[in-house]
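Next comes target02.tsv, with TSV, C-alpha atoms.
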```tsv
chain	number	residue	atom	x	y	z
Q	140	MET	CA	-29.60	-24.94	8.15
Q	141	GLU	CA	-29.86	-27.18	11.20
Q	142	GLY	CA	-27.07	-29.74	11.27
Q	143	ALA	CA	-24.98	-27.89	8.68
Q	144	PRO	CA	-21.22	-27.90	9.33
Q	145	PRO	CA	-19.69	-24.75	10.81
Q	146	LEU	CA	-18.45	-22.13	8.35
Q	147	ALA	CA	-15.23	-21.46	10.30
Q	148	ARG	CA	-12.68	-23.95	8.94
Q	149	ARG	CA	-8.99	-24.31	8.44
Q	150	PRO	CA	-7.82	-22.26	5.45
Q	151	MET	CA	-7.94	-24.03	2.08
Q	152	ALA	CA	-4.53	-22.57	1.23
Q	153	LYS	CA	-1.63	-21.20	3.25
Q	154	ALA	CA	1.68	-19.76	1.99
Q	155	ASP	CA	4.57	-18.54	4.17
Q	156	PRO	CA	8.31	-17.86	3.76
Q	157	SER	CA	10.40	-20.62	5.33
Q	158	THR	CA	14.07	-21.11	6.11
Q	159	GLU	CA	13.46	-24.87	5.80
Q	160	VAL	CA	12.94	-24.43	2.05
Q	161	PRO	CA	15.97	-23.62	-0.17
Q	162	VAL	CA	16.29	-20.17	-1.70
Q	163	GLY	CA	14.50	-19.97	-5.07
Q	164	SER	CA	12.23	-22.91	-4.25
Q	165	ILE	CA	8.56	-23.43	-3.37
Q	166	ARG	CA	7.63	-26.53	-1.44
Q	167	VAL	CA	3.99	-27.55	-1.90
Q	168	ARG	CA	2.19	-29.94	0.43
Q	169	VAL	CA	-1.30	-31.22	-0.39
Q	170	LEU	CA	-3.52	-32.59	2.40
Q	171	ASP	CA	-6.99	-34.12	2.38
Q	172	VAL	CA	-9.86	-33.27	4.72
Q	173	ASN	CA	-8.31	-35.53	7.38
Q	174	GLU	CA	-4.89	-33.85	7.11
Q	175	ARG	CA	-3.39	-36.84	5.30
Q	176	PRO	CA	-0.96	-36.28	2.38
Q	177	VAL	CA	-2.45	-36.62	-1.10
Q	178	ALA	CA	-0.31	-38.41	-3.68
Q	179	GLY	CA	-0.63	-37.60	-7.38
Q	180	ALA	CA	-2.29	-34.21	-6.82
Q	181	GLU	CA	-2.21	-32.01	-9.93
Q	182	LEU	CA	-0.42	-28.69	-9.38
Q	183	GLN	CA	0.19	-25.58	-11.42
Q	184	LEU	CA	2.63	-22.78	-10.61
Q	185	GLY	CA	1.56	-19.48	-12.10
Q	186	THR	CA	4.17	-16.75	-12.64
Q	187	MET	CA	3.49	-13.10	-13.47
Q	188	SER	CA	6.38	-10.77	-14.27
Q	189	GLN	CA	6.53	-6.98	-14.02
Q	190	ASP	CA	5.60	-6.62	-17.69
Q	191	SER	CA	2.40	-8.66	-16.98
Q	192	ALA	CA	3.72	-11.66	-18.91
Q	193	ARG	CA	2.31	-14.91	-17.49
Q	194	LYS	CA	3.31	-18.54	-17.64
Q	195	ALA	CA	2.26	-21.75	-15.91
Q	196	VAL	CA	4.44	-24.69	-14.88
Q	197	PRO	CA	2.81	-28.06	-14.05
Q	198	GLY	CA	3.70	-30.35	-11.16
Q	199	ARG	CA	2.38	-33.43	-9.36
Q	200	THR	CA	2.85	-34.53	-5.75
Q	201	GLY	CA	4.72	-37.70	-4.88
Q	202	ALA	CA	3.81	-40.43	-2.40
Q	203	ASP	CA	4.46	-38.04	0.49
Q	204	GLY	CA	2.00	-35.48	-0.90
Q	205	GLN	CA	4.78	-33.00	-1.68
Q	206	TYR	CA	6.31	-31.33	-4.72
Q	207	VAL	CA	9.08	-28.71	-4.98
Q	208	PHE	CA	9.29	-26.05	-7.70
Q	209	ALA	CA	13.00	-25.18	-7.83
Q	210	SER	CA	15.42	-22.77	-9.56
Q	211	LEU	CA	12.95	-19.90	-9.46
Q	212	ALA	CA	13.79	-16.20	-9.68
Q	213	THR	CA	13.71	-14.25	-6.40
Q	214	GLY	CA	13.01	-10.58	-5.73
Q	215	ASP	CA	10.19	-8.25	-6.67
Q	216	LYS	CA	10.29	-8.62	-10.48
Q	217	GLN	CA	7.85	-11.53	-10.48
Q	218	ALA	CA	5.06	-12.98	-8.36
Q	219	TYR	CA	4.01	-16.59	-7.89
Q	220	ARG	CA	0.75	-18.37	-7.18
Q	221	VAL	CA	0.32	-22.10	-6.57
Q	222	ASN	CA	-2.87	-23.78	-7.85
Q	223	LEU	CA	-4.26	-27.22	-7.04
Q	224	LEU	CA	-6.60	-28.66	-9.69
Q	225	HIS	CA	-9.08	-31.37	-8.65
Q	226	GLN	CA	-12.30	-32.61	-10.29
Q	227	GLY	CA	-13.16	-29.25	-11.81
Q	228	ALA	CA	-12.23	-27.26	-8.68
Q	229	LYS	CA	-9.19	-25.06	-8.20
Q	230	TYR	CA	-7.61	-24.17	-4.85
Q	231	SER	CA	-5.08	-21.35	-4.95
Q	232	SER	CA	-2.61	-19.66	-2.66
Q	233	THR	CA	-2.47	-15.90	-2.45
Q	234	PRO	CA	0.19	-14.42	-4.79
Q	235	PHE	CA	3.62	-13.94	-3.25
Q	236	ARG	CA	7.20	-13.00	-4.15
Q	237	LEU	CA	10.18	-15.16	-3.28
Q	238	PRO	CA	12.58	-13.50	-0.83
Q	239	VAL	CA	16.31	-13.59	-1.58
Q	240	ASP	CA	17.23	-15.39	1.65
Q	241	ARG	CA	14.68	-18.21	1.98
Q	242	GLY	CA	12.13	-20.28	0.13
Q	243	TYR	CA	8.36	-20.62	0.48
Q	244	ASP	CA	6.21	-23.28	2.08
Q	245	VAL	CA	2.70	-23.72	0.63
Q	246	VAL	CA	-0.03	-25.96	2.07
Q	247	LEU	CA	-3.15	-26.71	0.02
Q	248	ARG	CA	-6.16	-28.76	1.12
Q	249	GLN	CA	-8.02	-30.94	-1.35
Q	250	LEU	CA	-11.68	-31.76	-0.76
Q	251	ASP	CA	-14.17	-33.97	-2.53
Q	252	THR	CA	-16.40	-32.10	-4.99
Q	253	THR	CA	-20.10	-32.01	-5.82
Q	254	ARG	CA	-22.35	-30.44	-8.44
Q	255	ASP	CA	-25.40	-30.63	-6.17
Q	256	ALA	CA	-26.59	-27.01	-6.10
Q	257	ARG	CA	-28.62	-27.59	-2.91
Q	258	ASP	CA	-25.43	-27.02	-0.91
Q	259	LEU	CA	-25.09	-23.50	-2.34
Q	260	VAL	CA	-27.20	-20.80	-0.66
Q	261	LEU	CA	-27.59	-17.12	-1.48
Q	262	TYR	CA	-27.11	-15.88	2.07
Q	263	VAL	CA	-27.51	-12.20	1.19
Q	264	GLY	CA	-28.27	-10.83	-2.27
Q	265	ALA	CA	-28.54	-7.18	-3.26
Q	266	THR	CA	-29.47	-5.04	-6.25
Q	267	SER	CA	-28.81	-1.30	-6.37
Q	268	LEU	CA	-30.13	1.09	-9.02
Q	269	GLU	CA	-28.42	4.43	-9.56
Q	270	LEU	CA	-29.51	7.24	-11.85
Q	271	LYS	CA	-27.05	8.29	-14.52
Q	272	GLU	CA	-27.41	10.49	-17.59
Q	273	GLU	CA	-30.11	8.79	-19.72
Q	274	ARG	CA	-29.36	5.40	-18.15
Q	275	LEU	CA	-29.61	3.36	-14.99
Q	276	ARG	CA	-26.51	1.81	-13.44
Q	277	ILE	CA	-27.47	-1.51	-11.85
Q	278	VAL	CA	-25.05	-3.32	-9.54
Q	279	GLN	CA	-25.79	-6.78	-8.15
Q	280	GLN	CA	-24.06	-8.60	-5.34
Q	281	ALA	CA	-24.33	-12.26	-4.33
Q	282	ARG	CA	-22.96	-13.47	-1.01
Q	283	LEU	CA	-22.95	-17.24	-1.54
Q	284	VAL	CA	-22.43	-19.83	1.18
Q	285	ASN	CA	-21.48	-23.45	0.59
Q	286	ILE	CA	-23.05	-25.13	3.62
Q	287	GLY	CA	-21.71	-28.60	2.74
Q	288	ALA	CA	-18.42	-30.33	3.45
Q	289	ARG	CA	-17.49	-30.68	-0.24
Q	290	THR	CA	-16.44	-28.12	-2.83
Q	291	TYR	CA	-19.29	-27.15	-5.11
Q	292	VAL	CA	-18.40	-27.08	-8.82
Q	293	PHE	CA	-20.53	-25.09	-11.25
Q	294	PRO	CA	-21.84	-26.86	-14.39
Q	295	GLU	CA	-19.22	-27.41	-17.12
Q	296	ASP	CA	-20.72	-24.67	-19.29
Q	297	GLY	CA	-21.27	-22.44	-16.27
Q	298	LEU	CA	-24.43	-21.14	-14.61
Q	299	LEU	CA	-26.27	-18.42	-16.53
Q	300	VAL	CA	-27.79	-15.63	-14.43
Q	301	PRO	CA	-30.16	-13.75	-16.77
Q	302	LEU	CA	-29.84	-9.98	-17.12
Q	303	PRO	CA	-32.05	-7.49	-19.02
Q	304	LYS	CA	-31.60	-7.90	-22.78
Q	305	GLU	CA	-30.85	-4.20	-23.14
Q	306	ALA	CA	-27.98	-4.34	-20.61
Q	307	VAL	CA	-24.74	-2.68	-21.76
Q	308	ALA	CA	-21.36	-1.74	-20.25
Q	309	PHE	CA	-21.08	-4.96	-18.25
Q	310	GLN	CA	-18.36	-4.98	-15.60
Q	311	THR	CA	-17.27	-7.18	-12.75
Q	312	GLU	CA	-14.72	-7.17	-9.97
Q	313	GLU	CA	-11.86	-9.61	-10.23
Q	314	VAL	CA	-11.58	-12.08	-7.35
Q	315	MET	CA	-8.63	-14.10	-6.13
Q	316	THR	CA	-10.74	-17.24	-5.70
Q	317	ASP	CA	-11.94	-19.82	-8.24
Q	318	GLN	CA	-15.02	-18.05	-9.56
Q	319	HIS	CA	-15.19	-16.58	-13.04
Q	320	LEU	CA	-17.86	-14.23	-14.40
Q	321	LYS	CA	-18.29	-13.68	-18.12
Q	322	GLU	CA	-20.90	-11.64	-19.94
Q	323	GLU	CA	-23.07	-13.21	-22.63
Q	324	PRO	CA	-24.50	-10.16	-24.45
Q	325	GLY	CA	-28.27	-10.23	-24.62
Q	326	LYS	CA	-28.47	-13.10	-22.13
Q	327	GLY	CA	-26.72	-12.48	-18.86
Q	328	VAL	CA	-23.65	-13.33	-16.82
Q	329	ARG	CA	-22.27	-16.88	-16.81
Q	330	ILE	CA	-20.57	-18.05	-13.60
Q	331	SER	CA	-18.07	-20.89	-13.65
Q	332	GLY	CA	-15.45	-22.35	-11.33
Q	333	SER	CA	-16.00	-23.69	-7.83
Q	334	VAL	CA	-16.96	-22.70	-4.28
Q	335	PRO	CA	-15.28	-24.44	-1.32
Q	336	PRO	CA	-17.10	-24.78	2.03
Q	337	GLY	CA	-17.61	-21.32	3.46
Q	338	GLU	CA	-18.66	-18.06	1.82
Q	339	ILE	CA	-17.72	-15.94	-1.19
Q	340	THR	CA	-19.01	-12.64	-2.57
Q	341	LEU	CA	-19.54	-12.01	-6.27
Q	342	MET	CA	-20.38	-8.63	-7.80
Q	343	TRP	CA	-21.26	-7.43	-11.27
Q	344	GLY	CA	-22.79	-4.31	-12.79
Q	345	PHE	CA	-24.27	-3.05	-16.04
Q	346	ASP	CA	-26.14	-0.09	-17.53
Q	347	VAL	CA	-29.64	0.03	-18.99
Q	348	PRO	CA	-30.64	2.91	-21.31
Q	349	GLN	CA	-33.38	4.96	-19.63
Q	350	THR	CA	-35.36	7.79	-21.20
Q	351	SER	CA	-38.77	7.10	-19.63
Q	352	THR	CA	-40.05	8.19	-16.22
Q	353	SER	CA	-40.57	4.57	-15.13
Q	354	ALA	CA	-38.73	1.25	-15.33
Q	355	GLU	CA	-39.41	-2.37	-14.41
Q	356	PHE	CA	-36.97	-5.26	-14.08
Q	357	THR	CA	-37.32	-8.92	-13.11
Q	358	PHE	CA	-34.25	-10.72	-11.79
Q	359	ASP	CA	-34.25	-14.52	-11.51
Q	360	LEU	CA	-32.54	-16.10	-8.50
Q	361	PRO	CA	-30.89	-19.46	-9.31
Q	362	TRP	CA	-30.06	-20.25	-5.67
Q	363	ILE	CA	-31.97	-20.92	-2.48
Q	364	THR	CA	-32.19	-17.39	-1.08
Q	365	PHE	CA	-32.11	-16.44	2.58
Q	366	ALA	CA	-32.18	-12.64	2.40
Q	367	TYR	CA	-32.37	-10.02	-0.36
Q	368	ARG	CA	-32.07	-6.23	-0.39
Q	369	VAL	CA	-32.93	-3.63	-3.05
Q	370	LEU	CA	-31.59	-0.06	-3.01
Q	371	ALA	CA	-32.40	2.80	-5.40
Q	372	ASP	CA	-31.70	6.49	-5.72
Q	373	GLY	CA	-34.37	8.59	-4.00
Q	374	ALA	CA	-34.76	11.57	-6.32
Q	375	PRO	CA	-37.68	13.88	-5.42
Q	376	GLY	CA	-40.95	12.37	-6.66
Q	377	MET	CA	-39.38	8.97	-7.36
Q	378	THR	CA	-40.73	5.73	-5.84
Q	379	LEU	CA	-39.45	2.15	-5.50
Q	380	ASP	CA	-41.69	-0.93	-5.33
Q	381	VAL	CA	-40.53	-4.56	-5.13
Q	382	ASP	CA	-43.11	-7.36	-5.37
Q	383	GLY	CA	-43.52	-9.20	-2.06
Q	384	PHE	CA	-41.11	-6.86	-0.23
Q	385	PRO	CA	-42.06	-4.38	2.52
Q	386	PRO	CA	-42.64	-0.76	1.44
Q	387	ALA	CA	-39.32	0.91	0.64
Q	388	GLU	CA	-37.98	3.30	3.27
Q	389	LEU	CA	-36.28	6.57	2.37
Q	390	HIS	CA	-32.84	7.15	3.91
Q	391	SER	CA	-30.18	9.81	3.50
Q	392	ASP	CA	-26.40	9.77	3.60
Q	393	GLY	CA	-25.02	13.28	3.46
Q	394	ASN	CA	-26.51	14.89	0.35
Q	395	ARG	CA	-27.72	11.62	-1.12
Q	396	ARG	CA	-31.21	10.14	-0.67
Q	397	PHE	CA	-31.95	6.50	-1.37
Q	398	TYR	CA	-34.68	3.91	-0.91
Q	399	VAL	CA	-34.10	0.55	0.80
Q	400	THR	CA	-36.32	-2.52	1.13
Q	401	GLU	CA	-35.32	-6.04	2.12
Q	402	ILE	CA	-36.82	-9.42	2.87
Q	403	VAL	CA	-35.64	-12.33	5.03
Q	404	LYS	CA	-37.14	-15.77	4.37
Q	405	ARG	CA	-38.21	-17.99	7.26
Q	406	VAL	CA	-38.38	-21.76	7.49
Q	407	GLY	CA	-41.58	-22.99	5.83
Q	408	GLU	CA	-42.09	-19.86	3.70
Q	409	PRO	CA	-42.21	-20.16	-0.11
Q	410	PRO	CA	-38.74	-19.74	-1.61
Q	411	LEU	CA	-37.80	-16.47	-3.29
Q	412	ARG	CA	-37.32	-17.21	-7.01
Q	413	GLN	CA	-37.58	-13.74	-8.54
Q	414	VAL	CA	-37.10	-10.10	-7.60
Q	415	ARG	CA	-39.38	-7.77	-9.55
Q	416	VAL	CA	-38.43	-4.10	-9.22
Q	417	ARG	CA	-40.46	-1.06	-10.35
Q	418	LEU	CA	-39.23	2.54	-10.38
Q	419	SER	CA	-41.64	5.44	-10.94
Q	420	GLY	CA	-41.16	9.18	-11.15
Q	421	ILE	CA	-37.65	8.94	-12.63
Q	422	PRO	CA	-36.38	12.47	-13.40
Q	423	GLY	CA	-36.15	13.35	-17.07
Q	424	PRO	CA	-32.78	13.59	-18.83
Q	425	GLY	CA	-30.59	16.59	-18.23
Q	426	PRO	CA	-26.87	17.35	-18.21
Q	427	MET	CA	-26.73	17.69	-14.41
Q	428	ARG	CA	-28.96	14.79	-13.36
Q	429	PHE	CA	-26.08	12.56	-12.38
Q	430	ILE	CA	-24.48	15.19	-10.14
Q	431	ALA	CA	-24.95	14.85	-6.37
Q	432	VAL	CA	-28.23	16.10	-4.94
Q	433	GLY	CA	-26.46	19.11	-3.46
Q	434	LEU	CA	-25.54	20.24	-6.96
Q	435	ALA	CA	-29.00	19.55	-8.33
Q	436	LEU	CA	-30.42	21.93	-5.73
Q	437	LEU	CA	-28.25	24.71	-7.15
Q	438	VAL	CA	-30.89	25.16	-9.83
Q	439	VAL	CA	-33.00	26.73	-7.09
Q	440	GLY	CA	-30.12	28.63	-5.51
Q	441	LEU	CA	-29.10	30.29	-8.76
Q	442	GLY	CA	-32.31	32.29	-8.69
Q	443	VAL	CA	-32.58	32.36	-12.49
Q	444	VAL	CA	-36.06	33.44	-13.56
Q	445	VAL	CA	-37.22	33.02	-17.13
Q	446	ALA	CA	-40.57	34.52	-18.01
Q	447	ARG	CA	-42.25	35.39	-21.28
Q	448	GLY	CA	-40.13	38.01	-23.00
Q	449	GLN	CA	-37.76	38.32	-20.00
Q	450	GLN	CA	-34.01	37.81	-19.89
Q	451	PRO	CA	-32.38	35.67	-17.17
Q	452	VAL	CA	-31.89	37.67	-13.96
Q	453	LYS	CA	-28.55	37.35	-12.17
Q	454	VAL	CA	-28.78	37.28	-8.37
Q	455	GLN	CA	-26.44	37.32	-5.39
Q	456	ALA	CA	-26.61	33.49	-4.96
Q	457	ARG	CA	-23.91	33.06	-7.60
Q	458	PRO	CA	-20.89	33.18	-5.18
Q	459	ASP	CA	-22.51	30.48	-3.02
Q	460	ALA	CA	-23.17	28.37	-6.10
Q	461	LEU	CA	-19.56	28.70	-7.23
Q	462	ARG	CA	-18.29	27.70	-3.81
Q	463	THR	CA	-20.54	24.63	-3.82
Q	464	LEU	CA	-19.33	23.69	-7.28
Q	465	GLU	CA	-15.71	24.07	-6.17
Q	466	ARG	CA	-16.32	21.77	-3.19
Q	467	GLU	CA	-17.88	19.20	-5.50
Q	468	ARG	CA	-14.92	19.44	-7.89
Q	469	ALA	CA	-12.53	18.81	-4.98
Q	470	ARG	CA	-14.62	15.84	-3.84
Q	471	LEU	CA	-14.55	14.26	-7.30
Q	472	LEU	CA	-10.79	14.71	-7.63
Q	473	GLU	CA	-10.25	13.16	-4.19
Q	474	ARG	CA	-12.42	10.19	-5.15
Q	475	ALA	CA	-10.35	9.74	-8.31
Q	476	ARG	CA	-7.19	9.61	-6.18
Q	477	GLU	CA	-8.85	7.04	-3.91
Q	478	LEU	CA	-9.73	4.89	-6.93
Q	479	GLU	CA	-6.11	4.92	-8.10
Q	480	ALA	CA	-4.94	3.86	-4.63
Q	481	GLU	CA	-7.54	1.08	-4.45
Q	482	ARG	CA	-6.45	-0.19	-7.87
Q	483	GLU	CA	-2.77	-0.21	-6.86
Q	484	ARG	CA	-3.61	-2.16	-3.69
Q	485	GLY	CA	-5.55	-4.71	-5.74
Q	486	GLU	CA	-8.83	-3.96	-3.95
Q	487	ILE	CA	-10.71	-3.37	-7.22
Q	488	GLY	CA	-10.27	-4.86	-10.69
Q	489	PRO	CA	-9.32	-2.97	-13.88
Q	490	GLU	CA	-12.83	-3.05	-15.41
Q	491	PHE	CA	-14.46	-1.73	-12.25
Q	492	HIS	CA	-11.72	0.92	-12.01
Q	493	ARG	CA	-12.24	2.07	-15.60
Q	494	ALA	CA	-16.03	2.28	-15.22
Q	495	ALA	CA	-15.86	4.19	-11.94
Q	496	LEU	CA	-13.25	6.59	-13.35
Q	497	SER	CA	-15.42	7.17	-16.42
Q	498	ASP	CA	-18.34	8.16	-14.19
Q	499	LEU	CA	-16.14	10.59	-12.29
Q	500	GLU	CA	-14.95	12.15	-15.54
Q	501	GLU	CA	-18.55	12.70	-16.64
Q	502	GLN	CA	-19.45	14.35	-13.36
Q	503	LEU	CA	-16.31	16.49	-13.35
Q	504	SER	CA	-17.02	17.65	-16.91
Q	505	ALA	CA	-20.49	18.81	-15.87
Q	506	VAL	CA	-19.09	20.64	-12.84
Q	507	LEU	CA	-16.43	22.41	-14.90
Q	508	TYR	CA	-19.01	23.39	-17.51
Q	509	GLU	CA	-21.27	24.91	-14.84
Q	510	GLN	CA	-18.34	26.73	-13.23
Q	511	LYS	CA	-17.37	28.27	-16.57
Q	512	ARG	CA	-20.95	29.27	-17.28
Q	513	LEU	CA	-21.40	31.00	-13.92
Q	514	ALA	CA	-18.00	32.72	-14.09
Q	515	SER	CA	-18.70	34.25	-17.50
```
Show me this structure written as structure tokens.
Amino acid sequence: MEGAPPLARRPMAKADPSTEVPVGSIRVRVLDVNERPVAGAELQLGTMSQDSARKAVPGRTGADGQYVFASLATGDKQAYRVNLLHQGAKYSSTPFRLPVDRGYDVVLRQLDTTRDARDLVLYVGATSLELKEERLRIVQQARLVNIGARTYVFPEDGLLVPLPKEAVAFQTEEVMTDQHLKEEPGKGVRISGSVPPGEITLMWGFDVPQTSTSAEFTFDLPWITFAYRVLADGAPGMTLDVDGFPPAELHSDGNRRFYVTEIVKRVGEPPLRQVRVRLSGIPGPGPMRFIAVGLALLVVGLGVVVARGQQPVKVQARPDALRTLERERARLLERARELEAERERGEIGPEFHRAALSDLEEQLSAVLYEQKRLAS
């Protein structure tokens, strides 16, 4: 990375209310890397109303590098976003609403573009594997850094990142920047759009059916990779091995146990092209496997003994088990409320929200079933 430009730069887009701009108007100024006005820049004003209806209005800067979108509705019934389109790249302002007493001033910076992938580095990558009922939930994260001075543009048909052929329930988080992730069933996730100088983080997840006690996955890395981390649930008897990585270490966070291993590449070392993950000792299927470890341990606390010709024996641990189940029910409901708040704030996308809520519903159903069984 020696000689690479600094990552801290002026913002690619800036939008602020301004009394210098007439009410109901958005003044857009486009500048190049040297802060000079750009004439003929292609603009697009996106509008989203309260009923989620969308429309786009085109525009183009004049000789002074400016363009004004006028006669626009003010107030909170619609939101606006200004986009600058250039050589396959898109630079966008954050969404905003027009106040009733002033206009908006938007500044966008236009850079040269490149399709040379050597400028794009996977600074930190991560794969996490979580046990669910008869499946594995795999979430992958890519923290990409454009170390050049130009905006990197993905290939016209996008970059395909292969995923396991048996992957289902693909989901991704929506981002406000110009990167788009789309699933190609049976192949992987295709990434399109552009990456300006600096860093971005992409995330996607999927499920893999799992009925065996072991699993193995190979993930290809299409970028020069600096560091990579693998995390996996640490159920009793389960092990995690990653080719070329240090032995996984077992950690705990409250009632949850998980394995972690990571690698950092040094100058002169062979590049990391693949991550091969092996899980062994995966617990067999069962209706409570996806409940927190604290709940799984209730099987011991219940003190139910089944022997040849014997009936289950009820013991005094039942009140403690019910209290633990009630605490878990409260925790799940609180997490559901947090998800709703995160969705309203725009911190997570609708697909991620639906998938996470579905998981909570499954867990809550199991808790309620166990509560009813113990109370009867």
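Residue nearest Q:Val369, chosen from Q:Gln318, Q:Gly264, Q:Gly383, Q:Leu283 and counting all atoms listed in the file: Q:Gly264.
With only C-alpha atoms taken into account, the protein and nucleic acid residues at most 9 Å from Q:Asp215 (excluding it and anything under 6 positions from it in its own chain) are Ser188, Gln189, Arg236, Leu237 and Pro238 of chain Q.
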So which one's closest to Q:Arg415, Q:Arg220, Q:Arg254, Q:Arg368, Q:His390? Using all atoms listed in the file, please. Q:Arg368
Q:His319 environment, 12 Å, only C-alpha atoms, sequence neighbours closer than 2 positions dropped, as an MDAnalysis selection string: chainID Q and resid 228:229 292:293 296:299 311:317 321:322 328:334 340:343
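Minimum atom-to-atom distances from Q:Pro385, Q:Arg493, Q:Arg417, Q:Ser504 to Q:Leu472 were compared using all atoms listed in the file, and the lowest value belongs to Q:Ser504.
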Can you list, as a list in words, every protein, DNA or RNA residue that comes within 9 Å of Q:Gly376 when you count all atoms listed in the file, leaving out same-chain residues fewer than 3 positions away? Gly373, Ser419, Gly420, Ile421 and Pro422 of chain Q
Tell me which protein, DNA and RNA residues are within 8 Å of Q:Val347, counting only C-alpha atoms, leaving out same-chain ones fewer than 5 positions away, and put them as a compact mmCIF listing (two decimals) with C-alpha atoms, in the frame of the given file.
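Contents of selection.txt, freshly written:
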```txt
# COMPACT_ATOMS: atom_id res chain seq x y z
CA ARG Q 274 -29.36 5.40 -18.15
CA LEU Q 275 -29.61 3.36 -14.99
CA ARG Q 276 -26.51 1.81 -13.44
CA ILE Q 277 -27.47 -1.51 -11.85
CA PRO Q 303 -32.05 -7.49 -19.02
CA GLU Q 305 -30.85 -4.20 -23.14
CA ALA Q 306 -27.98 -4.34 -20.61
CA VAL Q 307 -24.74 -2.68 -21.76
```
Min atom-atom distance to Q:Thr252 from the set Q:Leu268, Q:Val406, Q:Ala288, Q:Ala460, counting only C-alpha atoms, belongs to Q:Ala288
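Picture a line from atom CA of Q:Gly204 to atom CA of Q:Thr253; it runs 22.9 Å.
Candidate residues Q:Pro150, Q:Gly198, Q:Gly393, Q:Gly344 were compared for distance to Q:Gln183, and the nearest is Q:Gly198, using all atoms listed in the file.
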For a quick check of understanding, using only C-alpha atoms, which of Q:Arg476, Q:Arg289, Q:Lys153, Q:Lys304 has the smallest distance to Q:Pro234? Q:Lys153
Which polymer residues have any atom within 8 Å of an atom of Q:Met187, counting all atoms listed in the file, with same-chain residues fewer than 4 positions away left out, as JSON, numbers by chain? {"Q": [191, 192, 193, 194, 217, 218, 219]}
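The gap separating atom CA of Q:Val300 from atom CA of Q:Phe365 is 17.6 Å, in Å to one decimal.
Atom CA of Q:Val416 to atom CA of Q:Ala354 spans 8.1 Å [interatomic distance, one decimal].
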At a cut-off of 12 Å, can you tabulate as a tab-separated table every residue of stretch 178-213 of chain Q near stretch 154-170 of chain Q together with its closest atom pair and the distance in Å to one decimal, using only C-alpha atoms and ordering rows by chain then number?
```
residue	atom	partner	partner_atom	distance
Q:Ala178	CA	Q:Val169	CA	8.0
Q:Gly179	CA	Q:Val169	CA	9.5
Q:Ala180	CA	Q:Val169	CA	7.2
Q:Glu181	CA	Q:Val169	CA	9.6
Q:Leu182	CA	Q:Val167	CA	8.8
Q:Gln183	CA	Q:Val167	CA	10.4
Q:Leu184	CA	Q:Ile165	CA	9.4
Q:Gly185	CA	Q:Ile165	CA	11.9
Q:Gly198	CA	Q:Val167	CA	9.7
Q:Arg199	CA	Q:Val167	CA	9.6
Q:Thr200	CA	Q:Val169	CA	7.5
Q:Gly201	CA	Q:Arg168	CA	9.7
Q:Ala202	CA	Q:Val169	CA	10.7
Q:Asp203	CA	Q:Arg168	CA	8.4
Q:Gly204	CA	Q:Val169	CA	5.4
Q:Gln205	CA	Q:Arg168	CA	4.5
Q:Tyr206	CA	Q:Val167	CA	5.3
Q:Val207	CA	Q:Arg166	CA	4.4
Q:Phe208	CA	Q:Ile165	CA	5.1
Q:Ala209	CA	Q:Ser164	CA	4.3
Q:Ser210	CA	Q:Gly163	CA	5.4
Q:Leu211	CA	Q:Gly163	CA	4.7
Q:Ala212	CA	Q:Gly163	CA	6.0
Q:Thr213	CA	Q:Gly163	CA	5.9
```
